[in-house]
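Here is the file data19.cif (mmCIF, C-alpha atoms).
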```cif
data_query
loop_
_atom_site.label_atom_id
_atom_site.label_comp_id
_atom_site.auth_asym_id
_atom_site.auth_seq_id
_atom_site.Cartn_x
_atom_site.Cartn_y
_atom_site.Cartn_z
CA MET A 206 -30.61 18.89 23.41
CA LYS A 207 -32.66 15.78 22.87
CA LYS A 208 -33.62 16.97 19.39
CA ARG A 209 -30.01 17.37 18.31
CA HIS A 210 -29.11 13.92 19.58
CA MET A 211 -31.94 12.40 17.57
CA SER A 212 -31.04 14.15 14.37
CA LYS A 213 -27.48 12.93 14.64
CA ASN A 214 -28.75 9.38 14.81
CA THR A 215 -31.12 10.03 11.95
CA LYS A 216 -28.26 11.33 9.87
CA THR A 217 -26.14 8.25 10.61
CA VAL A 218 -29.02 5.96 9.70
CA LEU A 219 -29.68 7.77 6.44
CA ILE A 220 -26.04 7.71 5.41
CA LEU A 221 -25.78 4.01 6.24
CA LEU A 222 -28.91 3.18 4.27
CA VAL A 223 -27.66 5.09 1.24
CA ILE A 224 -24.36 3.20 1.36
CA ALA A 225 -26.21 -0.11 1.64
CA ALA A 226 -28.45 0.75 -1.29
CA LEU A 227 -25.45 1.78 -3.39
CA ILE A 228 -23.61 -1.47 -2.71
CA ALA A 229 -26.70 -3.35 -3.88
CA ILE A 230 -27.45 -1.23 -6.94
CA VAL A 231 -24.01 -0.50 -8.37
CA PRO A 232 -23.38 -4.10 -9.54
CA LEU A 233 -26.47 -3.88 -11.73
CA PHE A 234 -24.90 -1.07 -13.69
CA ALA A 235 -21.31 -2.18 -13.38
CA ARG A 236 -22.07 -5.64 -14.75
CA LYS A 237 -24.53 -4.90 -17.51
CA GLY A 238 -25.88 -8.03 -19.11
CA ALA A 239 -24.92 -10.38 -16.29
CA SER A 240 -27.67 -12.85 -15.53
CA PHE A 241 -27.63 -12.40 -11.74
CA GLY A 242 -28.58 -15.99 -11.10
CA GLY A 243 -28.47 -17.44 -7.63
CA SER A 244 -25.13 -18.48 -6.19
CA ASP A 245 -26.87 -21.71 -5.08
CA ASP A 246 -26.97 -22.69 -8.72
CA ALA A 247 -23.34 -21.72 -9.13
CA GLY A 248 -22.64 -24.01 -6.18
CA SER A 249 -24.41 -26.90 -7.86
CA VAL A 250 -22.42 -26.33 -11.04
CA MET A 251 -19.27 -26.41 -8.93
CA VAL A 252 -20.31 -29.72 -7.38
CA GLU A 253 -20.40 -31.20 -10.87
CA GLU A 254 -17.08 -29.65 -11.77
CA VAL A 255 -15.35 -30.99 -8.67
CA ARG A 256 -16.80 -34.46 -9.17
CA GLY A 257 -16.01 -34.38 -12.86
CA GLU A 258 -19.39 -35.87 -13.70
CA GLU A 259 -22.98 -34.89 -13.71
CA TYR A 260 -24.72 -34.98 -10.38
CA GLU A 261 -28.29 -36.07 -9.96
CA PRO A 262 -29.75 -34.81 -6.66
CA TRP A 263 -31.08 -37.80 -4.78
CA PHE A 264 -33.98 -35.93 -3.28
CA THR A 265 -36.20 -33.32 -4.84
CA PRO A 266 -37.96 -30.53 -2.97
CA VAL A 267 -41.25 -31.68 -1.48
CA LEU A 268 -43.28 -28.95 -3.11
CA GLU A 269 -41.83 -29.77 -6.52
CA ASP A 270 -42.90 -33.38 -6.05
CA LEU A 271 -46.41 -32.29 -5.20
CA LEU A 272 -46.58 -29.89 -8.12
CA GLY A 273 -44.91 -32.33 -10.45
CA GLY A 274 -42.47 -29.69 -11.57
CA GLU A 275 -40.68 -26.52 -10.58
CA LEU A 276 -42.44 -23.75 -8.78
CA PRO A 277 -43.36 -21.07 -11.33
CA GLY A 278 -41.04 -18.06 -11.07
CA GLU A 279 -43.82 -15.60 -10.35
CA VAL A 280 -45.20 -17.77 -7.56
CA GLU A 281 -41.73 -18.10 -6.12
CA SER A 282 -41.37 -14.35 -5.98
CA LEU A 283 -44.80 -14.21 -4.33
CA LEU A 284 -43.62 -16.55 -1.60
CA PHE A 285 -40.44 -14.57 -1.12
CA CYS A 286 -42.56 -11.45 -0.79
CA ILE A 287 -44.71 -13.15 1.81
CA GLN A 288 -41.59 -13.98 3.77
CA THR A 289 -40.42 -10.38 3.60
CA GLY A 290 -43.92 -9.20 4.42
CA ILE A 291 -44.21 -11.29 7.56
CA GLY A 292 -40.88 -9.98 8.80
CA VAL A 293 -41.51 -6.35 7.95
CA GLY A 294 -45.00 -6.59 9.46
CA ILE A 295 -43.69 -7.80 12.81
CA ILE A 296 -40.88 -5.23 12.93
CA ALA A 297 -43.14 -2.36 11.87
CA PHE A 298 -45.84 -3.30 14.37
CA PHE A 299 -43.47 -3.38 17.33
CA MET A 300 -41.50 -0.33 16.23
CA GLY A 301 -44.76 1.59 15.92
CA ARG A 302 -45.71 0.68 19.46
CA LEU A 303 -42.27 1.52 20.82
CA VAL A 304 -42.12 4.90 19.08
CA GLU A 305 -45.56 5.78 20.40
CA ARG A 306 -44.61 4.62 23.89
CA LYS A 307 -41.53 6.83 23.91
CA LYS A 308 -43.71 9.82 23.05
CA TRP A 309 -46.02 9.09 25.96
CA MET A 310 -43.15 8.46 28.31
CA ASN A 311 -41.60 11.83 27.47
CA LYS A 312 -44.93 13.56 27.92
CA TYR A 313 -45.49 11.85 31.24
CA LYS A 314 -42.04 12.86 32.41
CA GLU A 315 -42.68 16.50 31.52
CA GLU A 316 -45.96 16.48 33.38
CA GLU A 317 -44.31 15.02 36.44
CA GLN A 318 -41.67 17.71 36.22
CA ASP A 319 -44.29 20.45 35.98
CA LYS A 320 -46.20 19.07 38.93
CA LYS A 321 -43.04 18.93 41.01
CA GLU A 322 -42.15 22.52 40.18
CA ASN A 323 -45.65 23.66 41.06
CA THR A 324 -45.53 21.98 44.45
CA ASP A 325 -42.14 23.53 45.05
CA TYR A 326 -43.61 26.98 44.51
CA ALA A 327 -46.53 26.15 46.76
CA GLY A 328 -44.06 25.15 49.46
CA ASP A 329 -42.48 28.62 49.41
CA MET B 127 -32.52 -26.84 41.01
CA THR B 128 -33.38 -27.98 37.56
CA ARG B 129 -33.20 -24.42 36.36
CA THR B 130 -29.68 -23.95 37.69
CA SER B 131 -28.38 -27.16 36.23
CA MET B 132 -29.90 -26.24 32.90
CA THR B 133 -28.25 -22.87 32.92
CA HIS B 134 -25.01 -24.53 33.76
CA ARG B 135 -25.34 -26.98 30.93
CA GLU B 136 -26.28 -24.20 28.58
CA LYS B 137 -23.20 -22.27 29.57
CA LEU B 138 -21.04 -25.27 29.01
CA LEU B 139 -22.55 -25.87 25.60
CA VAL B 140 -22.12 -22.27 24.64
CA ALA B 141 -18.53 -22.31 25.77
CA LEU B 142 -17.73 -25.49 23.88
CA SER B 143 -19.35 -24.29 20.71
CA GLY B 144 -17.59 -20.98 20.99
CA ILE B 145 -14.26 -22.75 21.00
CA PHE B 146 -15.42 -24.90 18.13
CA ALA B 147 -16.60 -21.97 16.06
CA LEU B 148 -13.43 -20.03 16.70
CA SER B 149 -11.29 -22.98 15.71
CA PHE B 150 -13.05 -22.81 12.36
CA ALA B 151 -12.58 -19.08 12.12
CA ALA B 152 -8.96 -19.66 11.19
CA ALA B 153 -10.09 -21.16 7.89
CA PRO B 154 -9.82 -18.95 4.82
CA GLN B 155 -12.67 -16.53 4.36
CA ALA B 156 -15.33 -17.56 1.92
CA LYS B 157 -18.98 -18.17 1.64
CA ALA B 158 -21.73 -20.10 0.01
CA MET B 159 -25.46 -20.13 -0.05
CA HIS B 160 -27.70 -22.82 1.31
CA ILE B 161 -26.90 -26.27 0.09
CA MET B 162 -29.60 -27.39 -2.31
CA GLU B 163 -32.00 -30.23 -1.70
CA GLY B 164 -30.49 -33.62 -2.44
CA TYR B 165 -26.98 -32.27 -2.91
CA LEU B 166 -25.50 -33.81 0.19
CA PRO B 167 -25.02 -37.56 0.69
CA GLY B 168 -27.32 -39.14 3.27
CA GLY B 169 -24.63 -39.76 5.87
CA PHE B 170 -23.63 -36.11 5.87
CA CYS B 171 -27.25 -35.00 6.18
CA ILE B 172 -27.69 -37.09 9.31
CA ALA B 173 -24.33 -36.13 10.80
CA TRP B 174 -24.95 -32.38 10.43
CA GLY B 175 -28.46 -32.82 11.76
CA LEU B 176 -27.17 -34.56 14.87
CA LEU B 177 -24.53 -31.89 15.34
CA CYS B 178 -27.27 -29.26 15.37
CA LEU B 179 -29.36 -30.99 18.01
CA PRO B 180 -27.49 -29.82 21.14
CA PHE B 181 -27.55 -26.24 19.88
CA LEU B 182 -31.25 -26.38 19.13
CA LEU B 183 -31.92 -27.82 22.58
CA ALA B 184 -29.84 -25.12 24.23
CA GLY B 185 -31.70 -22.55 22.15
CA PHE B 186 -35.04 -23.97 23.19
CA PHE B 187 -34.13 -23.82 26.88
CA SER B 188 -32.75 -20.36 26.58
CA ILE B 189 -35.85 -19.05 24.78
CA ARG B 190 -38.09 -20.70 27.36
CA LYS B 191 -36.10 -19.06 30.11
CA THR B 192 -36.38 -15.69 28.42
CA ILE B 193 -40.13 -16.08 28.14
CA GLN B 194 -40.47 -17.11 31.78
CA GLU B 195 -38.26 -14.42 33.24
CA ASN B 196 -38.64 -11.47 30.91
CA ARG B 197 -41.88 -11.42 29.04
CA LYS B 198 -41.06 -7.91 27.93
CA ALA B 199 -37.92 -9.11 26.16
CA LEU B 200 -40.15 -11.12 23.85
CA ILE B 201 -40.59 -8.03 21.71
CA LEU B 202 -36.88 -7.99 21.00
CA LEU B 203 -36.84 -11.73 20.34
CA ALA B 204 -39.72 -11.41 17.90
CA MET B 205 -37.99 -8.54 16.17
CA SER B 206 -34.72 -10.47 15.89
CA GLY B 207 -36.62 -13.33 14.30
CA ALA B 208 -38.48 -11.00 11.97
CA PHE B 209 -35.17 -9.39 11.02
CA ILE B 210 -33.87 -12.79 9.90
CA PHE B 211 -37.07 -13.32 7.91
CA VAL B 212 -36.70 -10.02 6.09
CA ILE B 213 -32.97 -10.08 5.51
CA SER B 214 -32.77 -13.67 4.33
CA SER B 215 -35.57 -13.13 1.82
CA LEU B 216 -33.79 -10.31 0.03
CA LYS B 217 -31.78 -11.53 -2.92
CA ILE B 218 -29.24 -8.92 -3.74
CA PRO B 219 -27.14 -8.59 -6.89
CA SER B 220 -23.43 -8.67 -6.31
CA VAL B 221 -20.35 -7.55 -8.20
CA THR B 222 -19.72 -11.04 -9.54
CA GLY B 223 -22.88 -10.92 -11.61
CA SER B 224 -24.83 -13.36 -9.52
CA CYS B 225 -27.26 -12.95 -6.65
CA SER B 226 -27.09 -14.08 -3.08
CA HIS B 227 -28.85 -13.26 0.12
CA MET B 228 -27.84 -12.35 3.64
CA THR B 229 -28.45 -14.24 6.85
CA GLY B 230 -29.59 -11.60 9.33
CA THR B 231 -28.58 -13.81 12.24
CA GLY B 232 -26.09 -11.39 13.77
CA LEU B 233 -28.71 -9.24 15.49
CA GLY B 234 -30.24 -12.04 17.55
CA ALA B 235 -26.83 -13.39 18.43
CA ILE B 236 -25.65 -10.01 19.71
CA LEU B 237 -28.85 -9.19 21.63
CA PHE B 238 -29.60 -12.63 22.99
CA SER B 239 -27.45 -15.67 22.46
CA PRO B 240 -26.36 -17.63 19.43
CA SER B 241 -28.33 -20.62 20.62
CA CYS B 242 -31.55 -18.57 20.57
CA VAL B 243 -30.82 -17.75 16.97
CA SER B 244 -30.53 -21.41 16.07
CA ILE B 245 -34.25 -21.77 16.77
CA LEU B 246 -35.15 -18.58 14.91
CA GLY B 247 -32.92 -19.61 12.02
CA ILE B 248 -34.35 -23.08 11.63
CA ILE B 249 -37.84 -21.62 11.34
CA VAL B 250 -36.70 -19.51 8.41
CA LEU B 251 -34.83 -22.41 6.83
CA LEU B 252 -37.89 -24.65 7.13
CA PHE B 253 -40.05 -22.00 5.52
CA GLN B 254 -37.66 -21.68 2.62
CA ALA B 255 -37.04 -25.40 2.25
CA ILE B 256 -40.69 -26.37 2.17
CA LEU B 257 -42.26 -23.49 0.28
CA LEU B 258 -39.48 -22.09 -1.82
CA ALA B 259 -37.40 -25.13 -2.71
CA HIS B 260 -34.53 -23.02 -1.44
CA GLY B 261 -32.15 -25.05 0.64
CA GLY B 262 -33.86 -28.33 1.44
CA LEU B 263 -35.22 -30.74 3.99
CA THR B 264 -32.42 -33.27 3.54
CA THR B 265 -29.81 -30.53 3.81
CA LEU B 266 -31.64 -28.79 6.66
CA GLY B 267 -29.12 -29.99 9.23
CA ALA B 268 -26.14 -28.72 7.27
CA ASN B 269 -27.81 -25.41 6.46
CA THR B 270 -28.93 -24.94 10.04
CA PHE B 271 -25.41 -25.53 11.20
CA SER B 272 -23.89 -22.97 8.86
CA MET B 273 -26.54 -20.25 8.99
CA ALA B 274 -28.17 -20.62 12.38
CA ILE B 275 -25.25 -21.91 14.47
CA ALA B 276 -21.77 -21.23 13.08
CA GLY B 277 -22.47 -17.70 11.82
CA PRO B 278 -24.29 -16.48 14.93
CA PHE B 279 -21.66 -18.01 17.21
CA LEU B 280 -18.88 -16.19 15.41
CA ALA B 281 -20.88 -12.95 15.52
CA TRP B 282 -21.55 -13.38 19.22
CA GLY B 283 -17.97 -14.30 20.06
CA LEU B 284 -16.54 -11.46 18.04
CA TYR B 285 -18.95 -8.97 19.60
CA ALA B 286 -18.02 -10.10 23.10
CA LEU B 287 -14.34 -9.83 22.25
CA LEU B 288 -14.62 -6.35 20.72
CA LYS B 289 -16.70 -5.20 23.68
CA ARG B 290 -13.97 -6.33 25.99
CA LEU B 291 -11.41 -4.47 23.89
CA LYS B 292 -13.61 -1.38 24.28
CA VAL B 293 -14.12 -0.94 20.57
CA ASN B 294 -16.90 1.46 19.64
CA ARG B 295 -20.21 -0.38 20.02
CA ARG B 296 -21.53 0.32 16.56
CA VAL B 297 -18.27 -0.68 14.93
CA SER B 298 -18.34 -3.92 16.92
CA ILE B 299 -21.88 -4.67 15.82
CA PHE B 300 -21.02 -3.97 12.21
CA LEU B 301 -17.98 -6.25 12.27
CA ALA B 302 -19.74 -9.02 14.18
CA ALA B 303 -22.75 -9.11 11.85
CA ALA B 304 -20.72 -8.82 8.66
CA LEU B 305 -18.16 -11.46 9.58
CA GLY B 306 -20.87 -13.74 10.95
CA ASP B 307 -22.53 -13.58 7.56
CA LEU B 308 -19.26 -14.31 5.76
CA PHE B 309 -18.47 -17.14 8.13
CA THR B 310 -21.81 -18.78 7.38
CA TYR B 311 -20.74 -19.10 3.78
CA CYS B 312 -17.27 -20.31 4.75
CA VAL B 313 -18.87 -23.16 6.63
CA THR B 314 -21.15 -24.00 3.72
CA SER B 315 -18.12 -24.24 1.44
CA LEU B 316 -16.42 -26.48 3.94
CA GLN B 317 -19.50 -28.67 4.20
CA LEU B 318 -19.64 -29.06 0.44
CA ALA B 319 -15.90 -29.73 0.30
CA LEU B 320 -16.17 -32.44 2.95
CA ALA B 321 -18.88 -34.15 0.94
CA TYR B 322 -17.15 -33.59 -2.40
CA PRO B 323 -13.38 -33.71 -2.01
CA SER B 324 -11.56 -32.80 -5.17
CA GLN B 325 -9.94 -35.70 -7.04
CA GLU B 326 -6.65 -33.88 -6.94
CA GLY B 327 -5.92 -32.07 -3.73
CA GLY B 328 -8.77 -33.52 -1.69
CA ILE B 329 -10.91 -31.53 0.70
CA ALA B 330 -8.72 -28.43 0.86
CA ALA B 331 -8.61 -27.95 -2.91
CA SER B 332 -12.32 -28.54 -3.11
CA ALA B 333 -13.01 -26.06 -0.31
CA VAL B 334 -11.01 -23.38 -2.10
CA LYS B 335 -13.06 -24.00 -5.23
CA PHE B 336 -16.37 -23.68 -3.44
CA LEU B 337 -15.13 -20.62 -1.62
CA GLY B 338 -14.23 -19.15 -4.97
CA VAL B 339 -17.85 -19.40 -6.01
CA PHE B 340 -19.37 -17.93 -2.91
CA ALA B 341 -16.85 -15.56 -1.37
CA PRO B 342 -16.69 -12.77 -3.96
CA THR B 343 -20.46 -12.73 -4.24
CA GLN B 344 -21.05 -12.60 -0.55
CA LEU B 345 -18.46 -10.03 0.50
CA PRO B 346 -20.47 -6.93 -0.48
CA LEU B 347 -23.60 -8.51 0.96
CA ALA B 348 -21.85 -9.07 4.27
CA ILE B 349 -21.10 -5.35 4.36
CA ILE B 350 -24.76 -4.57 3.71
CA GLU B 351 -25.78 -6.96 6.44
CA GLY B 352 -23.42 -5.25 8.87
CA ILE B 353 -24.87 -1.86 7.96
CA LEU B 354 -28.49 -2.97 8.29
CA THR B 355 -27.82 -4.58 11.64
CA VAL B 356 -26.30 -1.34 12.91
CA VAL B 357 -29.33 0.57 11.61
CA ILE B 358 -31.82 -1.60 13.44
CA VAL B 359 -29.75 -1.50 16.60
CA ILE B 360 -29.75 2.30 16.44
CA ALA B 361 -33.54 2.18 16.12
CA LEU B 362 -33.81 -0.14 19.11
CA GLU B 363 -31.43 1.98 21.18
CA SER B 364 -33.63 5.00 20.52
CA TYR B 365 -36.97 3.38 21.27
CA ALA B 366 -36.54 0.13 23.16
CA GLU B 367 -34.12 1.17 25.88
CA PRO B 368 -36.06 -0.45 28.75
CA GLU B 369 -36.13 -3.81 26.98
CA LEU B 370 -32.47 -3.60 26.04
CA LYS B 371 -31.64 -2.92 29.68
CA LEU B 372 -33.66 -5.95 30.69
CA ILE B 373 -31.63 -8.30 28.53
CA GLY B 374 -28.35 -6.79 29.70
CA TYR B 375 -27.37 -5.08 26.46
CA TYR B 376 -25.83 -2.10 28.23
CA LYS B 377 -23.81 -4.15 30.65
CA GLU B 378 -20.14 -3.35 30.45
CA ALA B 379 -17.72 -6.15 29.79
CA LYS B 380 -15.79 -7.15 32.87
#
```
Same coordinates, now as structure tokens:
Amino acid sequence: MKKRHMSKNTKTVLILLVIAALIAIVPLFARKGASFGGSDDAGSVMVEEVRGEEYEPWFTPVLEDLLGGELPGEVESLLFCIQTGIGVGIIAFFMGRLVERKKWMNKYKEEEQDKKENTDYAGD
Amino acid sequence: MTRTSMTHREKLLVALSGIFALSFAAAPQAKAMHIMEGYLPGGFCIAWGLLCLPFLLAGFFSIRKTIQENRKALILLAMSGAFIFVISSLKIPSVTGSCSHMTGTGLGAILFSPSCVSILGIIVLLFQAILLAHGGLTTLGANTFSMAIAGPFLAWGLYALLKRLKVNRRVSIFLAAALGDLFTYCVTSLQLALAYPSQEGGIAASAVKFLGVFAPTQLPLAIIEGILTVVIVIALESYAEPELKLIGYYKEAK
């Protein structure tokens, strides 16, 4: 009973993940040759278009000031990875604990059940 | 005594902001990414920052209360925060040929409260503004308002509404998270439009233009965000039932 319930959830999760992956991957093939730049940059371009003149940001990112230039692309991807890593680490750590706990809780419940049945027999 | 009055004030704040967020929800759908450093005039930076303050305070109180009353619920809070970290770091290609990323704020808003998420969200925004030159310190107030306040509030409000209408829980979560994400980008467009009204047509024309940049890119991403939020909620339902019960997730709407 419990098994079947789980596998239904598992199936839902798998299907959902496949859909999500498809939505993310299909554009790559559908729009071959597109640059896939950030929409932040597109936003900045739009600011200039709306104003009808070039816009000079009045404040530059702190780190760029310190470095005296833009963050190198590879380093930027490193920092993004760190961000992802921190998040995934926390989620994986807690999920691991919770999954393990559920196992123990089920086991404990079964043992309790067994004990109860045994005492019932003894009572007869 | 103090505790009760705080709760009361929190409730009031939440109610007010809910009305506020919903009044914005009538605006056309669109989205935008974080506003870049230095791209917002000083007055706007300060104004958005001030607007965020009450929400951040409410979030701070509400997190403190959670920690005091339900230490066990901290796991869920940490996971909601981590979820925002992960989701907002993933840049995903979209059909328009440019990349954008999701917000991940729907989960925390649904499980806890939108004000809690404002604290979690500002941590992520600070991380990105300082280390990644993504978003910015001067535009922190505006970005916090769109990503960590407006979006989560819409998600939370929508979820509460759908729950009341007895819509399937997973469908509700999907819709709340996806539309919360979209709404974040609507607000960003509006913020940019307010700062840069078009010469012809003013703020409205300008807003439509900014929406045109962000909306088509973000729409597929909002769907992905909805899906991922449902996935993690399924995981939590399977393994973190006691904690979910603690924070009142299973409570039926009255």
With only C-alpha atoms as the counted atoms, please give the residues lying no more than 10 Å from stretch 278-289 of chain A, apart from itself and same-chain residues fewer than 6 positions off, as an NGL selection string. :B and (208-217 or 250 or 253-254 or 257-260)
At a cut-off of 8 Å, list the chain A residues touching chain B, using only C-alpha atoms, as a PyMOL selection string. chain A and resi 214+218+221-222+225+228-233+235-236+239-245+247-249+251-252+255-256+262-269+276+281+284-286+288-293+295-296+299-300+303-304+307
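You can rank B:Ile172, B:Leu320, B:Ala235, B:Leu287 by their closest distance to B:Ile275 using all atoms listed in the file, and at the top of that list sits B:Ala235.
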So what do you get for atom CA of A:Asn323 versus atom CA of B:Pro368, distance-wise? 28.7 Å
Need the shell around B:Leu251: protein/DNA/RNA residues with any atom at most 8 Å away, counting all atoms listed in the file. Skip same-chain ones fewer than 5 positions apart. Format as a PyMOL selection string? chain B and resi 261+266+269-270
Report the distance between atom CA of B:Pro278 and atom CA of B:Ser241 in Å, rounded to one decimal place. 8.1 Å
Between atom CA of B:Gly277 and atom CA of B:Cys178, what distance in Å does the model show, to one decimal? 13.0 Å
Would you compute an axis-aligned box for stretch 228-242 of chain A, covering every atom listed for it in the file with 6 Å of margin on each side, and report centre and edge lengths in Å to one decimal as AutoDock Vina command-line options?
```
--center_x -24.9 --center_y -8.2 --center_z -10.9 --size_x 19.3 --size_y 27.5 --size_z 28.4
```
Just say which residues the PyMOL selection byres ((chain B and resi 288-300) around 8) picks in this file, as a ChimeraX atom specification. /B:236,284-287,301-304,349,352-353,355-356,378-380
Taking the file as I've supplied it (selection: the PyMOL selection byres ((chain B and resi 192) around 12)), which residues are included? Please answer as a PyMOL selection string. chain B and resi 133+185-191+193-204+238-239+242+369+372-373
